[in-house]
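Novice: Below is run.csv; it holds CSV, C-alpha atoms and all ligand atoms.
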```csv
chain,number,residue,atom,x,y,z
A,131,MET,CA,-36.2,-58.2,-21.9
A,132,GLU,CA,-35.7,-59.6,-18.4
A,133,VAL,CA,-37.0,-62.6,-16.4
A,134,ARG,CA,-37.2,-61.8,-12.7
A,135,PRO,CA,-39.2,-62.8,-9.6
A,136,ALA,CA,-42.7,-61.3,-9.5
A,137,THR,CA,-43.9,-58.8,-7.0
A,138,ILE,CA,-47.4,-57.8,-6.0
A,139,GLU,CA,-47.0,-54.6,-8.1
A,140,ASP,CA,-47.0,-56.8,-11.2
A,141,VAL,CA,-50.6,-57.9,-10.8
A,142,PRO,CA,-52.2,-54.8,-12.4
A,143,ARG,CA,-49.8,-55.1,-15.3
A,144,ILE,CA,-50.7,-58.7,-16.0
A,145,ALA,CA,-54.5,-58.6,-15.3
A,146,PRO,CA,-55.6,-56.6,-18.4
A,147,TRP,CA,-54.1,-59.1,-20.9
A,148,THR,CA,-55.0,-62.3,-19.1
A,149,ARG,CA,-58.8,-61.8,-18.8
A,150,ASP,CA,-59.7,-63.9,-21.8
A,151,THR,CA,-56.8,-66.3,-22.2
A,152,PHE,CA,-59.1,-69.3,-22.6
A,153,ASP,CA,-62.8,-69.7,-23.5
A,154,TRP,CA,-63.6,-69.8,-19.8
A,155,GLY,CA,-61.5,-66.8,-19.0
A,156,ASP,CA,-58.4,-67.0,-16.7
A,157,TYR,CA,-57.4,-67.3,-13.1
A,158,VAL,CA,-53.8,-66.2,-13.0
A,159,ALA,CA,-54.3,-62.5,-11.9
A,160,ASP,CA,-56.2,-63.7,-8.8
A,161,ARG,CA,-53.7,-66.4,-8.1
A,162,ILE,CA,-50.5,-64.4,-8.1
A,163,PRO,CA,-51.0,-63.0,-4.6
A,164,VAL,CA,-51.6,-66.6,-3.3
A,165,TRP,CA,-48.4,-67.8,-5.0
A,166,LEU,CA,-46.4,-64.9,-3.6
A,167,GLU,CA,-47.4,-66.0,-0.1
A,168,GLU,CA,-46.7,-69.6,-0.7
A,169,PRO,CA,-43.2,-70.5,0.6
A,170,GLU,CA,-42.6,-73.4,-1.9
A,171,SER,CA,-43.6,-71.2,-4.9
A,172,HIS,CA,-41.3,-69.0,-7.1
A,173,THR,CA,-43.3,-66.8,-9.4
A,174,LEU,CA,-41.5,-65.3,-12.4
A,175,VAL,CA,-42.4,-62.5,-14.8
A,176,CYS,CA,-40.9,-61.4,-18.1
A,177,ALA,CA,-40.5,-57.6,-18.2
A,178,GLU,CA,-39.7,-55.3,-21.2
A,179,GLY,CA,-39.3,-51.7,-20.1
A,180,ASP,CA,-42.3,-50.9,-17.9
A,181,GLU,CA,-44.4,-53.7,-19.5
A,182,VAL,CA,-44.8,-57.1,-18.0
A,183,ILE,CA,-45.4,-59.5,-20.9
A,184,GLY,CA,-45.0,-63.0,-19.3
A,185,LEU,CA,-45.7,-65.0,-16.2
A,186,VAL,CA,-45.1,-68.5,-14.8
A,187,ASN,CA,-45.2,-70.1,-11.4
A,188,VAL,CA,-42.9,-72.9,-10.2
A,189,VAL,CA,-43.6,-74.8,-7.0
A,190,MET,CA,-41.7,-77.5,-5.2
A,191,LEU,CA,-44.3,-80.3,-4.5
A,192,SER,CA,-41.8,-82.6,-2.8
A,193,PRO,CA,-38.0,-82.3,-2.1
A,194,THR,CA,-37.3,-83.6,-5.7
A,195,GLU,CA,-40.4,-82.7,-7.7
A,196,ALA,CA,-41.2,-79.4,-9.2
A,197,TRP,CA,-44.4,-78.2,-10.9
A,198,LEU,CA,-44.9,-75.4,-13.4
A,199,GLU,CA,-48.2,-73.7,-13.8
A,200,GLY,CA,-49.8,-70.5,-15.0
A,201,ALA,CA,-47.5,-69.9,-18.0
A,202,ARG,CA,-48.8,-66.9,-19.9
A,203,VAL,CA,-47.2,-64.7,-22.6
A,204,HIS,CA,-48.9,-61.5,-23.8
A,205,PRO,CA,-50.7,-62.3,-27.0
A,206,GLU,CA,-48.7,-59.7,-28.9
A,207,HIS,CA,-45.4,-61.1,-27.8
A,208,ARG,CA,-45.8,-64.8,-28.5
A,209,ARG,CA,-43.3,-66.8,-30.6
A,210,ARG,CA,-40.4,-64.7,-29.4
A,211,GLY,CA,-39.0,-67.4,-27.1
A,212,ILE,CA,-40.4,-65.8,-23.9
A,213,GLY,CA,-42.5,-68.8,-22.8
A,214,SER,CA,-39.4,-71.1,-23.1
A,215,LEU,CA,-37.1,-68.6,-21.5
A,216,MET,CA,-39.3,-68.3,-18.4
A,217,ASN,CA,-39.9,-72.0,-18.3
A,218,GLN,CA,-36.1,-72.6,-18.4
A,219,THR,CA,-35.5,-70.0,-15.7
A,220,GLY,CA,-38.1,-71.8,-13.6
A,221,LEU,CA,-36.3,-75.2,-14.2
A,222,ASP,CA,-32.9,-73.7,-13.2
A,223,TRP,CA,-34.5,-72.5,-10.0
A,224,ALA,CA,-36.1,-75.8,-9.3
A,225,LYS,CA,-32.9,-77.7,-9.9
A,226,GLU,CA,-31.2,-75.4,-7.3
A,227,GLN,CA,-33.9,-76.4,-4.9
A,228,GLY,CA,-33.1,-80.1,-5.4
A,229,ALA,CA,-35.7,-81.0,-8.1
A,230,ARG,CA,-34.9,-84.1,-10.2
A,231,VAL,CA,-38.0,-83.8,-12.3
A,232,ALA,CA,-40.3,-81.0,-13.3
A,233,ARG,CA,-43.8,-81.5,-14.6
A,234,LEU,CA,-46.7,-79.5,-15.9
A,235,ALA,CA,-50.2,-80.0,-17.3
A,236,THR,CA,-51.9,-78.8,-20.5
A,237,GLU,CA,-55.3,-79.3,-21.9
A,238,GLU,CA,-55.1,-81.9,-24.6
A,239,GLY,CA,-56.4,-79.4,-27.2
A,240,ASN,CA,-53.9,-76.7,-26.3
A,241,ALA,CA,-51.5,-77.2,-29.3
A,242,PRO,CA,-49.4,-74.0,-28.7
A,243,ALA,CA,-48.6,-75.0,-25.1
A,244,ARG,CA,-47.9,-78.6,-26.1
A,245,ARG,CA,-45.6,-77.7,-29.0
A,246,GLN,CA,-43.8,-75.2,-26.8
A,247,VAL,CA,-43.0,-77.6,-24.0
A,248,GLU,CA,-42.2,-80.4,-26.5
A,249,SER,CA,-39.7,-78.1,-28.2
A,250,MET,CA,-37.9,-77.8,-24.8
A,251,GLY,CA,-37.6,-81.6,-24.4
A,252,TYR,CA,-40.6,-82.3,-22.1
A,253,ARG,CA,-42.2,-85.7,-22.7
A,254,MET,CA,-45.9,-86.5,-22.3
A,255,VAL,CA,-46.0,-89.1,-19.6
A,256,SER,CA,-49.6,-89.5,-18.7
A,257,THR,CA,-53.1,-88.5,-19.6
A,258,TRP,CA,-55.7,-87.8,-16.9
A,259,ALA,CA,-59.4,-87.2,-16.9
A,260,TYR,CA,-60.9,-84.2,-15.2
A,261,ALA,CA,-64.6,-84.9,-14.5
A,262,GLU,CA,-67.3,-83.5,-12.3
A,263,LEU,CA,-70.0,-85.5,-10.7
A,264,ASN,CA,-73.2,-83.6,-9.8
A,265,PRO,CA,-74.8,-85.8,-7.1
A,266,LEU,CA,-77.8,-83.6,-6.6
A,267,GLN,CA,-78.8,-83.7,-10.2
A,268,ARG,CA,-78.8,-87.5,-10.5
A,269,LYS,CA,-81.4,-89.9,-9.4
A,270,PRO,CA,-80.2,-92.2,-6.6
A,271,ILE,CA,-79.4,-95.7,-7.7
A,272,ALA,CA,-80.9,-98.4,-5.5
A,273,GLY,CA,-78.4,-100.4,-3.6
A,274,ALA,CA,-75.5,-97.9,-3.7
A,275,SER,CA,-73.4,-98.1,-0.6
A,276,ARG,CA,-72.2,-95.1,1.3
A,277,LEU,CA,-68.6,-94.0,1.7
A,278,GLN,CA,-67.3,-94.8,5.2
A,279,PRO,CA,-64.3,-93.2,6.9
A,280,ALA,CA,-61.4,-95.6,6.2
A,281,PRO,CA,-59.4,-96.5,9.3
A,282,SER,CA,-55.6,-96.3,9.4
A,283,ALA,CA,-55.6,-100.1,9.4
A,284,ASP,CA,-56.8,-99.9,5.7
A,285,ILE,CA,-53.7,-97.9,4.5
A,286,ASP,CA,-51.5,-100.9,3.6
A,287,ALA,CA,-54.3,-102.8,1.8
A,288,ALA,CA,-55.4,-99.6,-0.1
A,289,TRP,CA,-51.8,-98.7,-1.0
A,290,MET,CA,-51.0,-102.2,-2.3
A,291,SER,CA,-54.3,-102.5,-4.2
A,292,TRP,CA,-53.6,-99.1,-5.9
A,293,LEU,CA,-50.0,-99.9,-6.6
A,294,SER,CA,-50.8,-103.2,-8.3
A,295,GLY,CA,-53.7,-101.8,-10.3
A,296,ASP,CA,-54.2,-100.1,-13.7
A,297,LEU,CA,-54.8,-96.7,-12.3
A,298,SER,CA,-51.3,-96.2,-10.7
A,299,ARG,CA,-49.7,-97.5,-13.9
A,300,ALA,CA,-51.6,-95.2,-16.2
A,301,GLY,CA,-51.2,-92.3,-13.8
A,302,ARG,CA,-47.4,-93.0,-13.4
A,303,GLU,CA,-48.0,-93.4,-9.6
A,304,MET,CA,-49.0,-89.8,-9.3
A,305,THR,CA,-51.7,-88.1,-7.3
A,306,ALA,CA,-53.4,-84.8,-8.2
A,307,ILE,CA,-53.6,-82.1,-5.6
A,308,GLY,CA,-55.9,-79.6,-7.2
A,309,TRP,CA,-54.3,-78.9,-10.6
A,310,ARG,CA,-50.9,-80.1,-9.4
A,311,TRP,CA,-49.5,-83.6,-9.8
A,312,ARG,CA,-46.7,-85.3,-7.9
A,313,THR,CA,-45.7,-88.9,-7.0
A,314,ALA,CA,-48.1,-90.4,-4.4
A,315,THR,CA,-46.8,-91.8,-1.2
A,316,PRO,CA,-48.3,-93.8,1.7
A,317,ASP,CA,-47.9,-90.7,3.7
A,318,ASP,CA,-50.7,-89.1,1.5
A,319,LEU,CA,-53.0,-91.8,2.8
A,320,ARG,CA,-51.9,-91.3,6.4
A,321,GLU,CA,-52.4,-87.6,6.2
A,322,ALA,CA,-55.9,-88.2,4.6
A,323,VAL,CA,-56.8,-90.5,7.5
A,324,ARG,CA,-55.8,-87.8,10.0
A,325,GLU,CA,-57.7,-85.2,8.2
A,326,GLN,CA,-60.8,-87.4,7.7
A,327,ARG,CA,-60.4,-87.3,3.9
A,328,PHE,CA,-59.8,-91.0,3.4
A,329,TRP,CA,-62.9,-93.0,2.6
A,330,GLN,CA,-63.8,-96.6,1.6
A,331,SER,CA,-66.7,-98.5,0.3
A,332,PRO,CA,-67.0,-102.1,-0.9
A,333,ALA,CA,-65.9,-100.8,-4.3
A,334,GLY,CA,-62.6,-99.2,-3.3
A,335,TRP,CA,-60.9,-96.3,-1.5
A,336,VAL,CA,-60.8,-92.6,-2.3
A,337,ILE,CA,-59.1,-89.5,-0.9
A,338,LEU,CA,-61.9,-87.0,-1.0
A,339,GLY,CA,-61.9,-83.6,0.7
A,340,HIS,CA,-64.0,-80.5,0.7
A,341,THR,CA,-62.6,-77.6,-1.3
A,342,GLU,CA,-65.7,-75.4,-0.6
A,343,ARG,CA,-68.9,-76.1,1.4
A,344,THR,CA,-70.7,-77.8,-1.4
A,345,VAL,CA,-67.7,-78.9,-3.5
A,346,ALA,CA,-65.3,-81.8,-2.9
A,347,ALA,CA,-62.3,-83.0,-4.9
A,348,SER,CA,-60.4,-86.2,-5.3
A,349,GLY,CA,-57.0,-86.8,-7.0
A,350,TRP,CA,-56.4,-90.3,-5.8
A,351,LEU,CA,-58.6,-93.4,-5.8
A,352,ALA,CA,-58.1,-97.1,-5.8
A,353,THR,CA,-60.6,-99.4,-7.5
A,354,THR,CA,-60.8,-102.0,-10.3
A,355,PRO,CA,-62.4,-101.9,-13.7
A,356,TYR,CA,-65.2,-104.1,-12.4
A,357,ALA,CA,-65.9,-102.0,-9.2
A,358,ALA,CA,-65.3,-98.4,-10.6
A,359,PRO,CA,-69.0,-97.7,-11.5
A,360,ASP,CA,-70.0,-98.7,-8.0
A,361,LEU,CA,-67.4,-96.5,-6.4
A,362,LEU,CA,-68.7,-93.5,-8.4
A,363,GLU,CA,-72.3,-94.3,-7.4
A,364,ASP,CA,-71.2,-94.6,-3.7
A,365,MET,CA,-69.5,-91.3,-4.0
A,366,ALA,CA,-72.6,-89.7,-5.6
A,367,ALA,CA,-74.9,-91.3,-3.0
A,368,THR,CA,-72.8,-89.9,-0.1
A,369,GLY,CA,-72.5,-86.6,-1.9
A,370,ARG,CA,-76.3,-86.4,-2.3
A,371,GLU,CA,-76.8,-87.1,1.4
A,372,THR,CA,-74.3,-84.4,2.5
A,373,GLY,CA,-75.5,-81.7,0.1
A,374,LEU,CA,-72.5,-81.8,-2.3
A,375,GLU,CA,-73.2,-80.0,-5.6
A,376,THR,CA,-70.0,-81.0,-7.2
A,377,ILE,CA,-67.4,-83.8,-6.8
A,378,ALA,CA,-64.4,-82.8,-9.0
A,379,LEU,CA,-62.3,-85.9,-9.9
A,380,ARG,CA,-58.9,-86.2,-11.5
A,381,VAL,CA,-58.2,-89.8,-12.4
A,382,PRO,CA,-55.8,-91.5,-14.8
A,383,TRP,CA,-57.3,-91.8,-18.3
A,384,THR,CA,-58.1,-95.5,-18.7
A,385,PRO,CA,-60.9,-96.6,-21.1
A,386,TRP,CA,-62.8,-98.3,-18.3
A,387,MET,CA,-62.5,-95.3,-15.9
A,388,VAL,CA,-63.7,-92.9,-18.7
A,389,GLU,CA,-66.6,-95.2,-19.4
A,390,ALA,CA,-67.6,-95.4,-15.7
A,391,LEU,CA,-67.4,-91.6,-15.4
A,392,THR,CA,-69.5,-91.1,-18.6
A,393,ARG,CA,-72.1,-93.5,-17.3
A,394,ALA,CA,-72.2,-91.6,-14.0
A,395,GLY,CA,-73.2,-88.5,-16.0
A,396,ALA,CA,-69.8,-86.7,-16.1
A,397,GLU,CA,-68.1,-85.4,-19.2
A,398,PRO,CA,-64.4,-86.4,-18.7
A,399,GLU,CA,-61.9,-84.0,-20.3
A,400,PRO,CA,-58.3,-85.1,-21.1
A,401,VAL,CA,-55.4,-83.4,-19.4
A,402,CYS,CA,-51.9,-84.1,-20.5
A,403,ILE,CA,-49.1,-84.3,-17.9
A,404,TYR,CA,-45.6,-83.5,-19.2
A,405,ALA,CA,-42.3,-84.2,-17.5
A,406,ILE,CA,-38.6,-83.3,-17.9
A,407,GLY,CA,-35.7,-84.7,-16.0
A,408,LEU,CA,-33.3,-82.2,-14.4
B,501,LIG,C1,-48.1,-71.4,-24.5
B,501,LIG,C2,-47.3,-70.1,-24.5
B,501,LIG,C3,-47.0,-69.7,-23.0
B,501,LIG,C4,-46.1,-70.2,-25.3
B,501,LIG,O1,-45.3,-69.0,-25.2
B,501,LIG,P1,-44.4,-68.4,-26.3
B,501,LIG,O2,-43.5,-67.4,-25.7
B,501,LIG,O3,-45.2,-68.0,-27.5
B,501,LIG,O4,-43.5,-69.7,-26.8
B,501,LIG,P2,-42.1,-69.7,-27.4
B,501,LIG,O5,-41.9,-68.5,-28.3
B,501,LIG,O6,-41.1,-69.9,-26.3
B,501,LIG,O7,-42.2,-71.0,-28.3
B,501,LIG,C5,-41.0,-71.8,-28.5
B,501,LIG,C6,-41.4,-72.9,-29.5
B,501,LIG,O8,-42.6,-73.6,-29.2
B,501,LIG,C7,-43.4,-73.9,-30.3
B,501,LIG,N1,-44.6,-73.1,-30.4
B,501,LIG,C8,-45.0,-72.1,-29.5
B,501,LIG,N2,-46.2,-71.6,-29.9
B,501,LIG,C9,-46.6,-72.4,-30.9
B,501,LIG,C10,-47.8,-72.4,-31.7
B,501,LIG,N3,-48.8,-71.5,-31.5
B,501,LIG,N4,-47.9,-73.2,-32.7
B,501,LIG,C11,-46.9,-74.2,-32.9
B,501,LIG,N5,-45.8,-74.2,-32.2
B,501,LIG,C12,-45.6,-73.3,-31.2
B,501,LIG,C13,-42.5,-73.5,-31.5
B,501,LIG,O9,-41.7,-74.6,-31.8
B,501,LIG,C14,-41.7,-72.4,-30.9
B,501,LIG,O10,-40.5,-72.1,-31.6
B,501,LIG,P3,-40.5,-71.2,-32.9
B,501,LIG,O11,-41.3,-70.0,-32.6
B,501,LIG,O12,-39.1,-70.9,-33.2
B,501,LIG,O13,-41.2,-72.0,-34.0
B,501,LIG,C15,-48.2,-69.0,-25.1
B,501,LIG,O14,-48.7,-69.4,-26.3
B,501,LIG,C16,-49.4,-68.6,-24.2
B,501,LIG,O15,-49.4,-67.7,-23.4
B,501,LIG,N6,-50.6,-69.2,-24.5
B,501,LIG,C17,-51.8,-69.0,-23.7
B,501,LIG,C18,-51.7,-69.5,-22.3
B,501,LIG,C19,-51.5,-71.0,-22.3
B,501,LIG,O16,-52.0,-71.8,-23.0
B,501,LIG,N7,-50.6,-71.3,-21.3
B,501,LIG,C20,-50.2,-72.7,-21.1
B,501,LIG,C21,-51.1,-73.3,-20.2
B,501,LIG,S1,-50.6,-75.0,-19.9
```
Mind converting the file's structure to structure tokens?
Specialist:
Amino acid sequence: MEVRPATIEDVPRIAPWTRDTFDWGDYVADRIPVWLEEPESHTLVCAEGDEVIGLVNVVMLSPTEAWLEGARVHPEHRRRGIGSLMNQTGLDWAKEQGARVARLATEEGNAPARRQVESMGYRMVSTWAYAELNPLQRKPIAGASRLQPAPSADIDAAWMSWLSGDLSRAGREMTAIGWRWRTATPDDLREAVREQRFWQSPAGWVILGHTERTVAASGWLATTPYAAPDLLEDMAATGRETGLETIALRVPWTPWMVEALTRAGAEPEPVCIYAIGL
């Protein structure tokens, strides 16, 4: 058994046993070619003879923060230490790149994955909610504001408001970039202004960008318990006007945020973020 960097030839050896990993299927076979092209990523496989029986991707999200994703072990080869061996090999690589911390996400209900990373010393540091708003399926609420592009003059106020609020505390000052989490910085807001992804309404600020024509996603928002329902309505109102079918949100799991999401028609699902120091 050997852990080594993945190549494109490994894809057909992994695809057959990763079709039905979860209830909803799996994405890893399609994603490996993307990871292999990504300079910050290091994709590892575990091979035994001609068989490839494990996979994980490690990516540097900042000079000191690594992220692990896509951990898969062939169903017939689980509980042989392969998941942990690949994870450790990924951590060794990340440390060489300068990482001081490595993180990963699991669904709250994925007990095997949680037990496995806990057995390696990872600690659960934060729970986030994944929730989808469907603006076109909801009746407009009278009085909702619209999101407006936030100017760069808003950056300091938005940053301070976020930093002193519940969301940054519960979310350990992280932002989600798709299914990857790292420490947020004011540069994230600056970049979002430049790319016209930084929005404001009277209820707060949000980084919100298209991921497809009718889909947008946000992994950072600043609001208060009192204003959160309004911010979600403002997002939905703007989404409705611009033909967005889905707004995918990743927000720190606080009771008031979960309540606001539920009232907005979403079904928040808990996602656990684990971290280990290197
Ligand atoms: C999660 C996964 C990668 C673990 O890989 P693995 O090679 O079986 O894990 P390991 O053999 O390294 O496990 C090490 C330890 O973790 C714990 N563990 C692993 N699987 C467990 C399970 N099903 N139940 C309870 N504990 C478990 C045990 O403490 C285990 O040590 P032990 O076997 O000596 O008791 C594998 O189950 C998998 O591919 N699952 C489906 C995909 C998935 O959920 N990926 C993670 C997405 S976040």
Novice: Identify which of the residues A:Glu237, A:Glu262, A:Glu342, A:Glu375 lies closest to ligand LIG 501 (chain B), counting only C-alpha atoms and all ligand atoms when measuring atom-to-atom distances.
Specialist: A:Glu237
Novice: Could you give me the residues within 7 Å of ligand LIG 501 (chain B), counting only C-alpha atoms and all ligand atoms, as a list in words?
Specialist: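 Within the 7 Å cut-off, the matching residues are Thr151, Glu199, Gly200, Ala201, Arg202, Val203, His204, Pro205, His207, Arg208, Arg209, Arg210, Gly211, Ile212, Gly213, Ser214, Leu215, Ala235, Thr236, Glu237, Asn240, Ala241, Pro242, Ala243, Arg245, Gln246, Val247 and Ser249 of chain A.
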Novice: Given the choices A:Glu181, A:Gly220, A:Asp153, A:Ala261, which gets closest to A:Thr392 if the distance is worked out from only C-alpha atoms?
Specialist: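 Distance minimum relative to A:Thr392 lands on A:Ala261.
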Novice: As a list in words, please: the residues near A:Trp165 (cut-off 12 Å, all atoms listed in the file, same-chain neighbours under 5 positions excluded).
Specialist: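 Final neighbour list, sorted by chain and number: Pro135, Ala136, Thr137, Ile138, Val141, Val158, Ala159, Asp160, Glu170, Ser171, His172, Thr173, Leu174, Leu185, Val186, Asn187, Val188, Val189, Met190, Leu198, Glu199 and Gly200 of chain A.
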Novice: Which neighbours of A:Thr353 fall inside 9 Å, counting all atoms listed in the file, when residues of the same chain fewer than 6 positions from it are skipped, and could you give them as a PDB file with C-alpha atoms, in the frame of the given file?
Specialist:
```pdb
ATOM      1  CA  SER A 291     -54.300-102.500  -4.200  1.00  0.00           C
ATOM      2  CA  TRP A 292     -53.600 -99.100  -5.900  1.00  0.00           C
ATOM      3  CA  GLY A 295     -53.700-101.800 -10.300  1.00  0.00           C
ATOM      4  CA  ASP A 296     -54.200-100.100 -13.700  1.00  0.00           C
ATOM      5  CA  LEU A 297     -54.800 -96.700 -12.300  1.00  0.00           C
ATOM      6  CA  ALA A 333     -65.900-100.800  -4.300  1.00  0.00           C
ATOM      7  CA  GLY A 334     -62.600 -99.200  -3.300  1.00  0.00           C
ATOM      8  CA  TRP A 335     -60.900 -96.300  -1.500  1.00  0.00           C
ATOM      9  CA  VAL A 336     -60.800 -92.600  -2.300  1.00  0.00           C
ATOM     10  CA  LEU A 361     -67.400 -96.500  -6.400  1.00  0.00           C
TER      11      LEU A 361
END
```
Novice: Between A:Asp140, A:Glu321, A:Glu168, A:Glu397, which one has atoms that come closest to A:Ala378, using all atoms listed in the file?
Specialist: A:Glu397
Novice: Within 10 Å of (-55.6, -97.2, -20.7), in the coordinates the file gives, what residues turn up when you count only C-alpha atoms, written out as a list in words?
Specialist: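 Collected hits near the coordinates: Ser256, Thr257, Asp296, Leu297, Arg299, Ala300, Gly301, Pro382, Trp383, Thr384, Pro385, Trp386, Met387 and Val388 of chain A.
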Novice: Could you check which residues have any atom within 12 Å of (-53.1, -99.8, -1.2), counting all atoms listed in the file with coordinates taken straight from the file, and then list them as an MDAnalysis selection string?
Specialist: chainID A and resid 280 282:295 297:298 303 314:320 328 330 334:337 350:353
Novice: Atom CA of A:Ser348 and atom CA of A:Trp154, how far apart in Å?
Specialist: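 Atom CA of A:Ser348 lies at a distance of 22.1 Å from atom CA of A:Trp154.
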Novice: As an exercise, work out the distance from atom CA of A:Thr148 to atom CA of A:Arg134 in Å and give it to one decimal place.
Specialist: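 Atom-to-atom, atom CA of A:Thr148 and atom CA of A:Arg134 are spaced 18.9 Å apart.
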Novice: So which one's closest to A:Arg324, A:Cys402, A:Pro281, A:Arg380, A:Ala390? Using only C-alpha atoms, please.
Specialist: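 Smallest separation from A:Arg324 among the options: A:Pro281.
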Novice: Separation of atom CA of A:Pro146 and atom CA of A:Gly308, in Å?
Specialist: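 Atom-to-atom, atom CA of A:Pro146 to atom CA of A:Gly308, that is 25.6 Å.
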Novice: Nearest to A:Ala259: which of A:Asp222, A:Asp156, A:Ala306, A:Leu234 is it, counting only C-alpha atoms?
Specialist: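 Going through A:Asp222, A:Asp156, A:Ala306, A:Leu234 one by one, the smallest distance to A:Ala259 is for A:Ala306.
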Novice: Need the shell around A:Arg268: protein/DNA/RNA residues with any atom at most 12 Å away, counting only C-alpha atoms. Skip same-chain ones fewer than 3 positions apart. Format as a list in words?
Specialist: Leu263, Asn264, Pro265, Ile271, Leu362, Glu363, Met365, Ala366, Ala367, Gly369, Arg370, Leu374, Glu375, Thr376, Arg393, Ala394, Gly395 and Ala396 of chain A
Novice: When you count only C-alpha atoms, which of these residues is closest to A:Pro355: A:Pro400, A:Arg310, A:Glu389, A:Trp197?
Specialist: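 Nearest to A:Pro355: A:Glu389.
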